[in-house]
Structure formats: structure tokens, C-alpha cells
$ cat model37.txt   # compact mmCIF, C-alpha atoms
# COMPACT_ATOMS: atom_id res chain seq x y z
CA CYS A 1 -15.65 17.89 27.73
CA VAL A 2 -14.77 15.19 25.21
CA PHE A 3 -17.09 12.21 24.84
CA THR A 4 -18.11 9.28 22.63
CA THR A 5 -21.64 9.04 21.26
CA THR A 6 -23.78 5.88 21.19
CA ASP A 7 -22.78 5.30 17.55
CA ASN A 8 -19.06 5.43 18.50
CA GLN A 9 -18.37 8.95 17.20
CA LEU A 10 -15.94 11.23 19.04
CA ARG A 11 -17.40 14.61 19.93
CA TRP A 12 -16.53 17.60 22.15
CA ARG A 13 -18.15 20.60 23.79
CA TYR A 14 -16.57 23.70 25.20
CA LYS A 15 -18.63 25.77 27.60
CA ALA A 16 -17.75 29.44 27.57
CA LYS A 17 -19.53 32.52 28.86
CA ASN A 18 -19.95 34.00 25.39
CA GLY A 19 -20.45 30.60 23.73
CA VAL A 20 -17.31 30.99 21.62
CA VAL A 21 -14.19 28.83 21.78
CA PRO A 22 -11.18 30.98 22.77
CA PHE A 23 -8.93 32.00 19.91
CA ARG A 24 -5.91 30.27 21.46
CA LEU A 25 -7.71 26.89 21.22
CA LEU A 26 -8.73 27.14 17.56
CA GLY A 27 -5.44 25.51 16.51
CA ALA A 28 -6.20 22.49 18.72
CA VAL A 29 -9.73 22.21 17.28
CA SER A 30 -8.34 22.39 13.74
CA GLU A 31 -5.77 19.69 14.53
CA PHE A 32 -8.52 17.54 16.04
CA ASP A 33 -10.69 17.87 12.90
CA SER A 34 -7.73 17.07 10.65
CA ILE A 35 -6.82 13.89 12.53
CA MET A 36 -10.48 12.83 12.67
CA SER A 37 -10.73 13.13 8.88
CA ALA A 38 -7.52 11.15 8.38
CA THR A 39 -8.75 8.48 10.81
CA ALA A 40 -12.03 8.01 8.97
CA VAL A 41 -10.26 7.54 5.64
CA SER A 42 -7.01 5.76 6.48
CA VAL A 43 -7.24 3.91 9.81
CA PRO A 44 -8.73 0.36 9.83
CA ARG A 45 -11.92 -0.02 11.85
CA ALA A 46 -10.19 -2.37 14.30
CA HIS A 47 -7.90 0.48 15.43
CA ARG A 48 -10.33 3.41 15.37
CA LYS A 49 -11.48 2.96 18.96
CA GLU A 50 -7.88 3.16 20.17
CA THR A 51 -7.30 6.19 17.94
CA TYR A 52 -10.37 7.96 19.30
CA HIS A 53 -9.25 7.20 22.86
CA GLN A 54 -5.85 8.83 22.28
CA LEU A 55 -7.33 11.70 20.27
CA GLY A 56 -9.95 12.47 22.92
CA LYS A 57 -7.31 12.60 25.65
CA ALA A 58 -5.17 14.90 23.48
CA LEU A 59 -8.04 17.32 22.85
CA PHE A 60 -9.01 17.33 26.54
CA ALA A 61 -5.38 18.11 27.45
CA ALA A 62 -5.29 20.90 24.85
CA PHE A 63 -8.48 22.48 26.24
CA HIS A 64 -6.97 22.51 29.73
CA SER A 65 -3.48 23.62 28.73
CA PRO A 66 -2.22 26.87 30.22
CA ALA A 67 -2.25 30.06 28.18
CA GLY A 68 0.75 30.42 25.89
CA THR A 69 1.08 26.70 25.20
CA LYS A 70 1.68 25.97 21.53
CA PRO A 71 -1.46 24.33 20.06
CA GLY A 72 -1.06 20.92 18.50
CA LYS A 73 1.68 19.70 20.83
CA GLU A 74 -0.64 17.15 22.47
CA PHE A 75 -1.61 15.69 19.07
CA ARG A 76 1.90 14.74 17.88
CA LYS A 77 1.77 11.19 19.23
CA VAL A 78 -1.77 10.69 17.91
CA ARG A 79 -0.80 11.83 14.41
CA LEU A 80 2.19 9.47 14.42
CA PHE A 81 -0.07 6.61 15.51
CA VAL A 82 -2.60 7.39 12.77
CA ARG A 83 0.14 7.58 10.16
CA LYS A 84 1.57 4.23 11.30
CA LYS A 85 -1.81 2.49 11.05
CA ALA A 86 -2.49 4.13 7.68
CA LYS A 87 0.84 2.80 6.37
CA GLU A 88 -0.02 -0.68 7.61
CA ARG A 89 -3.35 -0.56 5.80
CA ALA A 90 -1.70 0.72 2.62
CA ARG A 91 0.89 -2.06 2.62
CA LEU A 92 -1.76 -4.69 3.31
CA SER A 93 -3.87 -3.49 0.35
CA TYR A 94 -0.78 -3.41 -1.88
CA VAL A 95 0.38 -6.93 -0.96
CA LEU A 96 -3.07 -8.55 -1.12
CA ALA A 97 -3.73 -7.02 -4.55
CA SER A 98 -0.32 -8.27 -5.74
CA LEU A 99 -0.97 -11.81 -4.52
CA ALA A 100 -4.45 -11.87 -6.06
CA THR A 101 -3.10 -10.66 -9.41
CA THR A 102 -0.34 -13.28 -9.43
CA THR A 103 -2.87 -16.02 -8.65
CA VAL A 104 -5.17 -14.93 -11.48
CA LEU A 105 -2.27 -14.68 -13.96
CA ALA A 106 -0.99 -18.11 -12.93
CA LEU A 107 -4.43 -19.69 -13.47
CA VAL A 108 -4.80 -18.02 -16.86
CA VAL A 109 -1.32 -19.07 -18.00
CA VAL A 110 -1.77 -22.67 -16.81
CA THR A 111 -5.08 -22.82 -18.71
CA ILE A 112 -3.51 -21.42 -21.89
CA TYR A 113 -0.36 -23.51 -21.60
CA PHE A 114 -1.94 -26.91 -20.95
CA TYR A 115 -5.47 -26.74 -22.37
CA PHE A 116 -5.05 -24.66 -25.50
CA ARG A 117 -2.75 -25.84 -28.24
CA ILE A 118 -0.84 -22.76 -29.31
CA PRO A 119 1.04 -23.73 -32.47
CA ALA A 120 4.11 -21.54 -31.84
CA SER A 121 6.18 -23.07 -29.04
CA ASN A 122 8.12 -19.81 -28.62
CA LEU A 123 4.87 -17.96 -27.92
CA ARG A 124 4.02 -20.48 -25.21
CA LEU A 125 7.47 -19.93 -23.72
CA VAL A 126 6.98 -16.15 -23.75
CA ILE A 127 3.68 -16.56 -21.86
CA LEU A 128 5.30 -18.94 -19.39
CA GLY A 129 8.23 -16.53 -18.98
CA GLY A 130 5.75 -13.77 -18.20
CA CYS A 131 4.20 -15.94 -15.50
CA PHE A 132 7.63 -16.54 -13.95
CA GLY A 133 8.28 -12.79 -14.15
CA ALA A 134 5.07 -12.21 -12.19
CA VAL A 135 6.33 -14.68 -9.57
CA GLY A 136 9.57 -12.71 -9.34
CA ALA A 137 7.61 -9.48 -8.87
CA THR A 138 5.58 -11.14 -6.10
CA ILE A 139 8.78 -12.23 -4.33
CA SER A 140 10.00 -8.64 -4.56
CA VAL A 141 6.76 -7.29 -3.06
CA LEU A 142 6.83 -9.78 -0.17
CA GLN A 143 10.51 -9.14 0.55
CA ARG A 144 10.16 -5.36 0.53
CA ASN A 145 6.82 -5.27 2.39
CA PRO A 146 8.23 -3.81 5.67
CA SER A 147 9.99 -1.03 3.77
CA LEU A 148 7.45 -0.23 1.03
CA GLU A 149 7.17 3.52 0.52
CA LEU A 150 3.47 4.21 -0.01
CA ASP A 151 1.48 7.36 0.54
CA PRO A 152 -0.67 6.40 3.57
CA TRP A 153 -3.34 8.99 2.75
CA MET A 154 -4.20 7.55 -0.67
CA SER A 155 -7.33 5.44 -1.06
CA ARG A 156 -7.25 1.64 -0.74
CA ARG A 157 -8.22 1.29 -4.40
CA TYR A 158 -5.18 3.28 -5.48
CA HIS A 159 -2.86 1.16 -3.33
CA ALA A 160 -4.45 -1.98 -4.80
CA LEU A 161 -3.94 -0.56 -8.30
CA GLN A 162 -0.25 -0.03 -7.53
CA GLY A 163 0.05 -3.66 -6.41
CA VAL A 164 -1.67 -4.92 -9.58
CA THR A 165 0.56 -2.71 -11.73
CA ARG A 166 3.73 -4.09 -10.12
CA ILE A 167 2.75 -7.68 -10.93
CA VAL A 168 1.64 -6.85 -14.48
CA LEU A 169 5.00 -5.16 -15.08
CA GLY A 170 6.77 -8.27 -13.76
CA PHE A 171 4.74 -10.36 -16.22
CA ILE A 172 5.70 -8.07 -19.11
CA PHE A 173 9.37 -8.01 -18.06
CA GLY A 174 9.48 -11.82 -17.94
CA GLY A 175 8.03 -12.05 -21.45
CA ILE A 176 10.46 -9.42 -22.77
CA PHE A 177 13.39 -11.36 -21.30
CA VAL A 178 12.38 -14.51 -23.18
CA ILE A 179 12.04 -12.55 -26.43
CA ALA A 180 15.42 -10.86 -25.91
CA SER A 181 17.09 -14.20 -25.25
CA LYS A 182 15.48 -15.90 -28.25
CA ALA A 183 16.59 -12.99 -30.43
CA ASN A 184 20.21 -13.43 -29.28
CA PHE A 185 19.99 -9.93 -27.86
CA LEU A 186 20.52 -10.98 -24.25
CA LEU A 187 22.10 -14.21 -22.97
CA GLY A 188 21.43 -16.03 -26.22
CA VAL A 189 23.53 -18.93 -24.94
CA ILE A 190 20.55 -20.12 -22.85
CA ARG A 191 17.82 -19.49 -25.41
CA ASN A 192 17.36 -23.21 -26.04
CA ASN A 193 17.52 -24.19 -22.35
CA SER A 194 14.18 -23.46 -20.71
CA TYR A 195 15.15 -23.93 -17.05
CA PRO A 196 17.85 -21.23 -16.69
CA LEU A 197 15.79 -19.02 -18.99
CA LEU A 198 12.75 -19.21 -16.71
CA ILE A 199 14.88 -18.68 -13.61
CA LEU A 200 16.22 -15.49 -15.16
CA CYS A 201 12.64 -14.47 -15.98
CA ILE A 202 12.03 -14.53 -12.22
CA VAL A 203 15.04 -12.24 -11.81
CA ALA A 204 13.68 -9.93 -14.52
CA GLY A 205 10.34 -9.70 -12.70
CA PHE A 206 12.04 -9.28 -9.33
CA SER A 207 14.20 -6.37 -10.48
CA GLU A 208 12.32 -3.19 -11.32
CA ARG A 209 15.31 -1.75 -13.20
CA LEU A 210 16.81 -4.63 -15.19
CA ILE A 211 14.50 -4.62 -18.23
CA PRO A 212 13.93 -0.81 -18.36
CA GLU A 213 17.71 -0.22 -18.29
CA LEU A 214 18.17 -2.93 -20.92
CA LEU A 215 15.61 -1.25 -23.17
CA SER A 216 17.28 2.12 -22.57

$ encode --input "model37.txt" --output "C-alpha cells"
Amino acid sequence: CVFTTTDNQLRWRYKAKNGVVPFRLLGAVSEFDSIMSATAVSVPRAHRKETYHQLGKALFAAFHSPAGTKPGKEFRKVRLFVRKKAKERARLSYVLASLATTTVLALVVVTIYFYFRIPASNLRLVILGGCFGAVGATISVLQRNPSLELDPWMSRRYHALQGVTRIVLGFIFGGIFVIASKANFLLGVIRNNSYPLLILCIVAGFSERLIPELLS
């Protein structure tokens, strides 16, 4: 039998004459344990009850499958469901961390730009260009959210770290673009026109390859 305990844990029992689970069912038990571990780590709590419902039915079907049936066949749909929910959680952590980082950077830059008198105007422009680069990186994250390739089995903290890193790189790329333009190294024709310069800082933050290829 397969059942749910009072504390919402999925459990099973197999009654046999010798008290041992038949060898042909050990693959199903192993698959069950593997999916349970993945569910506890990667599936949001809101979807665990549904996951347990599907997983319990799969294990029950495996226990009652005829001899010679390949173990694990009943768990294919459950594993796909768990992977889908794990990907959703990973993308959510990535995007939320990106948005939070952009917000913090924007607040810091606005504070530096308007409340602290930095004597070098070019330095202020570099900081502002970095902020616009972070905005470009955020646009990239939001646009690519449905197709983000993330390892669903990594921890939420690691996914959040990836999101933070993407925004920080956008900030750095935006600042580098301003420096390159001011140095007549890249599009020096707009170095004295802030508006197109800042728009292109957004492009530099949006593109993950533009600045690295330029530096190469």
C-alpha cells in the first residue's frame, strides 16, 4: 500500500511472506526514493501535494505490475512533472534576484549621482552608464525568462547568485562602454552626447557577448 502520513509525508509498505521486497521491484523503489529526494529539494511547497499524489499512484502501479515489466516506466510522467516544477522555481529565483539587484544598484547610483558631488563628471557618467547597463541586463533576463537554461537541481541560492552575477556584469559592461567611448576606442563620435551613449549602455548590458568580444 501507498499512503500519506498525518504530517503530509508519502510512505509505502509492501507485505510479503518473507518480509522482503521482491528483487524485480527494487528498481521501482529506487526510482521512488530518487524522485522523493528531488521533490524535497527542488519542487515548491505549493506543488508537493500534487507531486506526491502522482508519485504514490506510480509506485502503487509499479507494485502491481506484472512480472517482466520494466521498472521505472510508471515514473516517467512524474519525473517530467518534477523537472518542470523545478525549472519554474529556478527561473523564479533567478529573475527575482536579478530584479532585486537592479533595484539596489539603481538606488545606490541615484544616491551617488544626486547627493554626492563627485568632482569628475566623466566618473559620474561611467557610474550612470553602469546603471543603464544593469537595466539592459534586466531587460535581457525578463525577455529570455521562458527559455532560460538553468540546472533545475541546483539550490535556490545558486540560482539567485547567477541572477545577481548577470546584473553585476551588465553594470560593468555599461561602465566599460562609457570608458571605451570617451577614449575614442568605440563610437567616439557620441562621447560628448549623453543620450545615445546611455542608450548604447543599455545595449551593452543587454548583450552578453558585445563587451567580451570587444575586449577580445

$ closest_residue --input "model37.txt" --among "A:Met154, A:Ala160, A:Ala58, A:Leu10" --to "Ala100 in chain A" --atoms "all atoms listed in the file"
A:Ala160

$ closest_residue --input "model37.txt" --among "A:Val41, A:Val135, A:Ala106, A:Leu128" --to "Ala204 in chain A" --atoms "all atoms listed in the file"
A:Val135

$ residues_around --input "model37.txt" --residues "range 167-180 of chain A" --least-positions-apart "2" --cutoff "9 Å" --atoms "all atoms listed in the file" --output "ChimeraX atom specification"
/A:98-99,101-102,105,122,125-138,141,162-165,182-188,191,197-198,200-208,210-212

$ write_last_selection --input "model37.txt" --atoms "C-alpha atoms" --output "PDB file, in the coordinates of the input"
ATOM      1  CA  SER A  98      -0.320  -8.270  -5.740  1.00  0.00           C
ATOM      2  CA  LEU A  99      -0.970 -11.810  -4.520  1.00  0.00           C
ATOM      3  CA  THR A 101      -3.100 -10.660  -9.410  1.00  0.00           C
ATOM      4  CA  THR A 102      -0.340 -13.280  -9.430  1.00  0.00           C
ATOM      5  CA  LEU A 105      -2.270 -14.680 -13.960  1.00  0.00           C
ATOM      6  CA  ASN A 122       8.120 -19.810 -28.620  1.00  0.00           C
ATOM      7  CA  LEU A 125       7.470 -19.930 -23.720  1.00  0.00           C
ATOM      8  CA  VAL A 126       6.980 -16.150 -23.750  1.00  0.00           C
ATOM      9  CA  ILE A 127       3.680 -16.560 -21.860  1.00  0.00           C
ATOM     10  CA  LEU A 128       5.300 -18.940 -19.390  1.00  0.00           C
ATOM     11  CA  GLY A 129       8.230 -16.530 -18.980  1.00  0.00           C
ATOM     12  CA  GLY A 130       5.750 -13.770 -18.200  1.00  0.00           C
ATOM     13  CA  CYS A 131       4.200 -15.940 -15.500  1.00  0.00           C
ATOM     14  CA  PHE A 132       7.630 -16.540 -13.950  1.00  0.00           C
ATOM     15  CA  GLY A 133       8.280 -12.790 -14.150  1.00  0.00           C
ATOM     16  CA  ALA A 134       5.070 -12.210 -12.190  1.00  0.00           C
ATOM     17  CA  VAL A 135       6.330 -14.680  -9.570  1.00  0.00           C
ATOM     18  CA  GLY A 136       9.570 -12.710  -9.340  1.00  0.00           C
ATOM     19  CA  ALA A 137       7.610  -9.480  -8.870  1.00  0.00           C
ATOM     20  CA  THR A 138       5.580 -11.140  -6.100  1.00  0.00           C
ATOM     21  CA  VAL A 141       6.760  -7.290  -3.060  1.00  0.00           C
ATOM     22  CA  GLN A 162      -0.250  -0.030  -7.530  1.00  0.00           C
ATOM     23  CA  GLY A 163       0.050  -3.660  -6.410  1.00  0.00           C
ATOM     24  CA  VAL A 164      -1.670  -4.920  -9.580  1.00  0.00           C
ATOM     25  CA  THR A 165       0.560  -2.710 -11.730  1.00  0.00           C
ATOM     26  CA  LYS A 182      15.480 -15.900 -28.250  1.00  0.00           C
ATOM     27  CA  ALA A 183      16.590 -12.990 -30.430  1.00  0.00           C
ATOM     28  CA  ASN A 184      20.210 -13.430 -29.280  1.00  0.00           C
ATOM     29  CA  PHE A 185      19.990  -9.930 -27.860  1.00  0.00           C
ATOM     30  CA  LEU A 186      20.520 -10.980 -24.250  1.00  0.00           C
ATOM     31  CA  LEU A 187      22.100 -14.210 -22.970  1.00  0.00           C
ATOM     32  CA  GLY A 188      21.430 -16.030 -26.220  1.00  0.00           C
ATOM     33  CA  ARG A 191      17.820 -19.490 -25.410  1.00  0.00           C
ATOM     34  CA  LEU A 197      15.790 -19.020 -18.990  1.00  0.00           C
ATOM     35  CA  LEU A 198      12.750 -19.210 -16.710  1.00  0.00           C
ATOM     36  CA  LEU A 200      16.220 -15.490 -15.160  1.00  0.00           C
ATOM     37  CA  CYS A 201      12.640 -14.470 -15.980  1.00  0.00           C
ATOM     38  CA  ILE A 202      12.030 -14.530 -12.220  1.00  0.00           C
ATOM     39  CA  VAL A 203      15.040 -12.240 -11.810  1.00  0.00           C
ATOM     40  CA  ALA A 204      13.680  -9.930 -14.520  1.00  0.00           C
ATOM     41  CA  GLY A 205      10.340  -9.700 -12.700  1.00  0.00           C
ATOM     42  CA  PHE A 206      12.040  -9.280  -9.330  1.00  0.00           C
ATOM     43  CA  SER A 207      14.200  -6.370 -10.480  1.00  0.00           C
ATOM     44  CA  GLU A 208      12.320  -3.190 -11.320  1.00  0.00           C
ATOM     45  CA  LEU A 210      16.810  -4.630 -15.190  1.00  0.00           C
ATOM     46  CA  ILE A 211      14.500  -4.620 -18.230  1.00  0.00           C
ATOM     47  CA  PRO A 212      13.930  -0.810 -18.360  1.00  0.00           C
TER      48      PRO A 212
END

$ residues_around --input "model37.txt" --residues "His47 in chain A" --least-positions-apart "4" --cutoff "12 Å" --atoms "all atoms listed in the file" --output "list in words"
Thr39, Ala40, Ser42, Val43, Thr51, Tyr52, His53, Gln54, Phe81, Val82, Arg83, Lys84, Lys85, Ala86, Glu88 and Arg89 of chain A

$ closest_residue --input "model37.txt" --among "A:Phe32, A:Tyr113, A:Ala90, A:Lys49" --to "Ser147 in chain A" --atoms "all atoms listed in the file"
A:Ala90

$ atom_distance --input "model37.txt" --atom1 "CA of Val78 in chain A" --atom2 "CA of Leu96 in chain A"
27.1 Å

$ atom_distance --input "model37.txt" --atom1 "CA of Val2 in chain A" --atom2 "CA of Ser34 in chain A"
16.3 Å

$ atom_distance --input "model37.txt" --atom1 "CA of Ile35 in chain A" --atom2 "CA of Lys57 in chain A"
13.2 Å

$ closest_residue --input "model37.txt" --among "A:Ala16, A:Tyr94, A:Phe75, A:Pro146" --to "Asp33 in chain A" --atoms "all atoms listed in the file"
A:Phe75

$ residues_around --input "model37.txt" --residues "Lys87 in chain A" --least-positions-apart "6" --cutoff "9 Å" --atoms "only C-alpha atoms" --output "list in words"
Ser42, Val43, Glu149, Leu150, Asp151, Pro152 and Trp153 of chain A

$ build_atoms --input "model37.txt" --residues "range 29-54 of chain A" --atoms "N, CA and C atoms" --output "mmCIF file, in the coordinates of the input"
data_model
loop_
_atom_site.group_PDB
_atom_site.id
_atom_site.type_symbol
_atom_site.label_atom_id
_atom_site.label_comp_id
_atom_site.auth_asym_id
_atom_site.auth_seq_id
_atom_site.Cartn_x
_atom_site.Cartn_y
_atom_site.Cartn_z
ATOM 1 N N VAL A 29 -8.502 22.694 17.915
ATOM 2 C CA VAL A 29 -9.730 22.210 17.280
ATOM 3 C C VAL A 29 -9.454 21.841 15.824
ATOM 4 N N SER A 30 -8.678 22.679 15.138
ATOM 5 C CA SER A 30 -8.340 22.390 13.740
ATOM 6 C C SER A 30 -7.525 21.106 13.625
ATOM 7 N N GLU A 31 -6.580 20.908 14.534
ATOM 8 C CA GLU A 31 -5.770 19.690 14.530
ATOM 9 C C GLU A 31 -6.652 18.465 14.807
ATOM 10 N N PHE A 32 -7.588 18.621 15.724
ATOM 11 C CA PHE A 32 -8.520 17.540 16.040
ATOM 12 C C PHE A 32 -9.335 17.150 14.802
ATOM 13 N N ASP A 33 -9.880 18.136 14.103
ATOM 14 C CA ASP A 33 -10.690 17.870 12.900
ATOM 15 C C ASP A 33 -9.848 17.201 11.813
ATOM 16 N N SER A 34 -8.605 17.648 11.669
ATOM 17 C CA SER A 34 -7.730 17.070 10.650
ATOM 18 C C SER A 34 -7.435 15.596 10.918
ATOM 19 N N ILE A 35 -7.119 15.279 12.171
ATOM 20 C CA ILE A 35 -6.820 13.890 12.530
ATOM 21 C C ILE A 35 -8.073 13.025 12.432
ATOM 22 N N MET A 36 -9.226 13.576 12.795
ATOM 23 C CA MET A 36 -10.480 12.830 12.670
ATOM 24 C C MET A 36 -10.751 12.463 11.207
ATOM 25 N N SER A 37 -10.510 13.403 10.304
ATOM 26 C CA SER A 37 -10.730 13.130 8.880
ATOM 27 C C SER A 37 -9.774 12.047 8.379
ATOM 28 N N ALA A 38 -8.501 12.146 8.791
ATOM 29 C CA ALA A 38 -7.520 11.150 8.380
ATOM 30 C C ALA A 38 -7.859 9.771 8.952
ATOM 31 N N THR A 39 -8.373 9.745 10.176
ATOM 32 C CA THR A 39 -8.750 8.480 10.810
ATOM 33 C C THR A 39 -9.886 7.802 10.063
ATOM 34 N N ALA A 40 -10.881 8.579 9.674
ATOM 35 C CA ALA A 40 -12.030 8.010 8.970
ATOM 36 C C ALA A 40 -11.654 7.417 7.631
ATOM 37 N N VAL A 41 -10.642 7.989 6.983
ATOM 38 C CA VAL A 41 -10.260 7.540 5.640
ATOM 39 C C VAL A 41 -9.192 6.454 5.674
ATOM 40 N N SER A 42 -8.217 6.564 6.582
ATOM 41 C CA SER A 42 -7.010 5.760 6.480
ATOM 42 C C SER A 42 -6.781 4.745 7.581
ATOM 43 N N VAL A 43 -7.485 4.839 8.696
ATOM 44 C CA VAL A 43 -7.240 3.910 9.810
ATOM 45 C C VAL A 43 -8.248 2.761 9.752
ATOM 46 N N PRO A 44 -7.793 1.502 9.819
ATOM 47 C CA PRO A 44 -8.730 0.360 9.830
ATOM 48 C C PRO A 44 -9.693 0.450 10.995
ATOM 49 N N ARG A 45 -10.887 -0.092 10.814
ATOM 50 C CA ARG A 45 -11.920 -0.020 11.850
ATOM 51 C C ARG A 45 -11.456 -0.642 13.168
ATOM 52 N N ALA A 46 -10.633 -1.678 13.082
ATOM 53 C CA ALA A 46 -10.190 -2.370 14.300
ATOM 54 C C ALA A 46 -9.361 -1.459 15.204
ATOM 55 N N HIS A 47 -8.770 -0.402 14.645
ATOM 56 C CA HIS A 47 -7.900 0.480 15.430
ATOM 57 C C HIS A 47 -8.513 1.859 15.661
ATOM 58 N N ARG A 48 -9.736 2.080 15.212
ATOM 59 C CA ARG A 48 -10.330 3.410 15.370
ATOM 60 C C ARG A 48 -10.676 3.716 16.819
ATOM 61 N N LYS A 49 -11.135 2.721 17.562
ATOM 62 C CA LYS A 49 -11.480 2.960 18.960
ATOM 63 C C LYS A 49 -10.251 3.419 19.738
ATOM 64 N N GLU A 50 -9.118 2.761 19.504
ATOM 65 C CA GLU A 50 -7.880 3.160 20.170
ATOM 66 C C GLU A 50 -7.454 4.560 19.740
ATOM 67 N N THR A 51 -7.638 4.855 18.446
ATOM 68 C CA THR A 51 -7.300 6.190 17.940
ATOM 69 C C THR A 51 -8.161 7.261 18.586
ATOM 70 N N TYR A 52 -9.471 7.001 18.675
ATOM 71 C CA TYR A 52 -10.370 7.960 19.300
ATOM 72 C C TYR A 52 -10.022 8.170 20.774
ATOM 73 N N HIS A 53 -9.619 7.100 21.446
ATOM 74 C CA HIS A 53 -9.250 7.200 22.860
ATOM 75 C C HIS A 53 -8.066 8.161 23.025
ATOM 76 N N GLN A 54 -7.034 7.963 22.196
ATOM 77 C CA GLN A 54 -5.850 8.830 22.280
ATOM 78 C C GLN A 54 -6.181 10.257 21.841
#
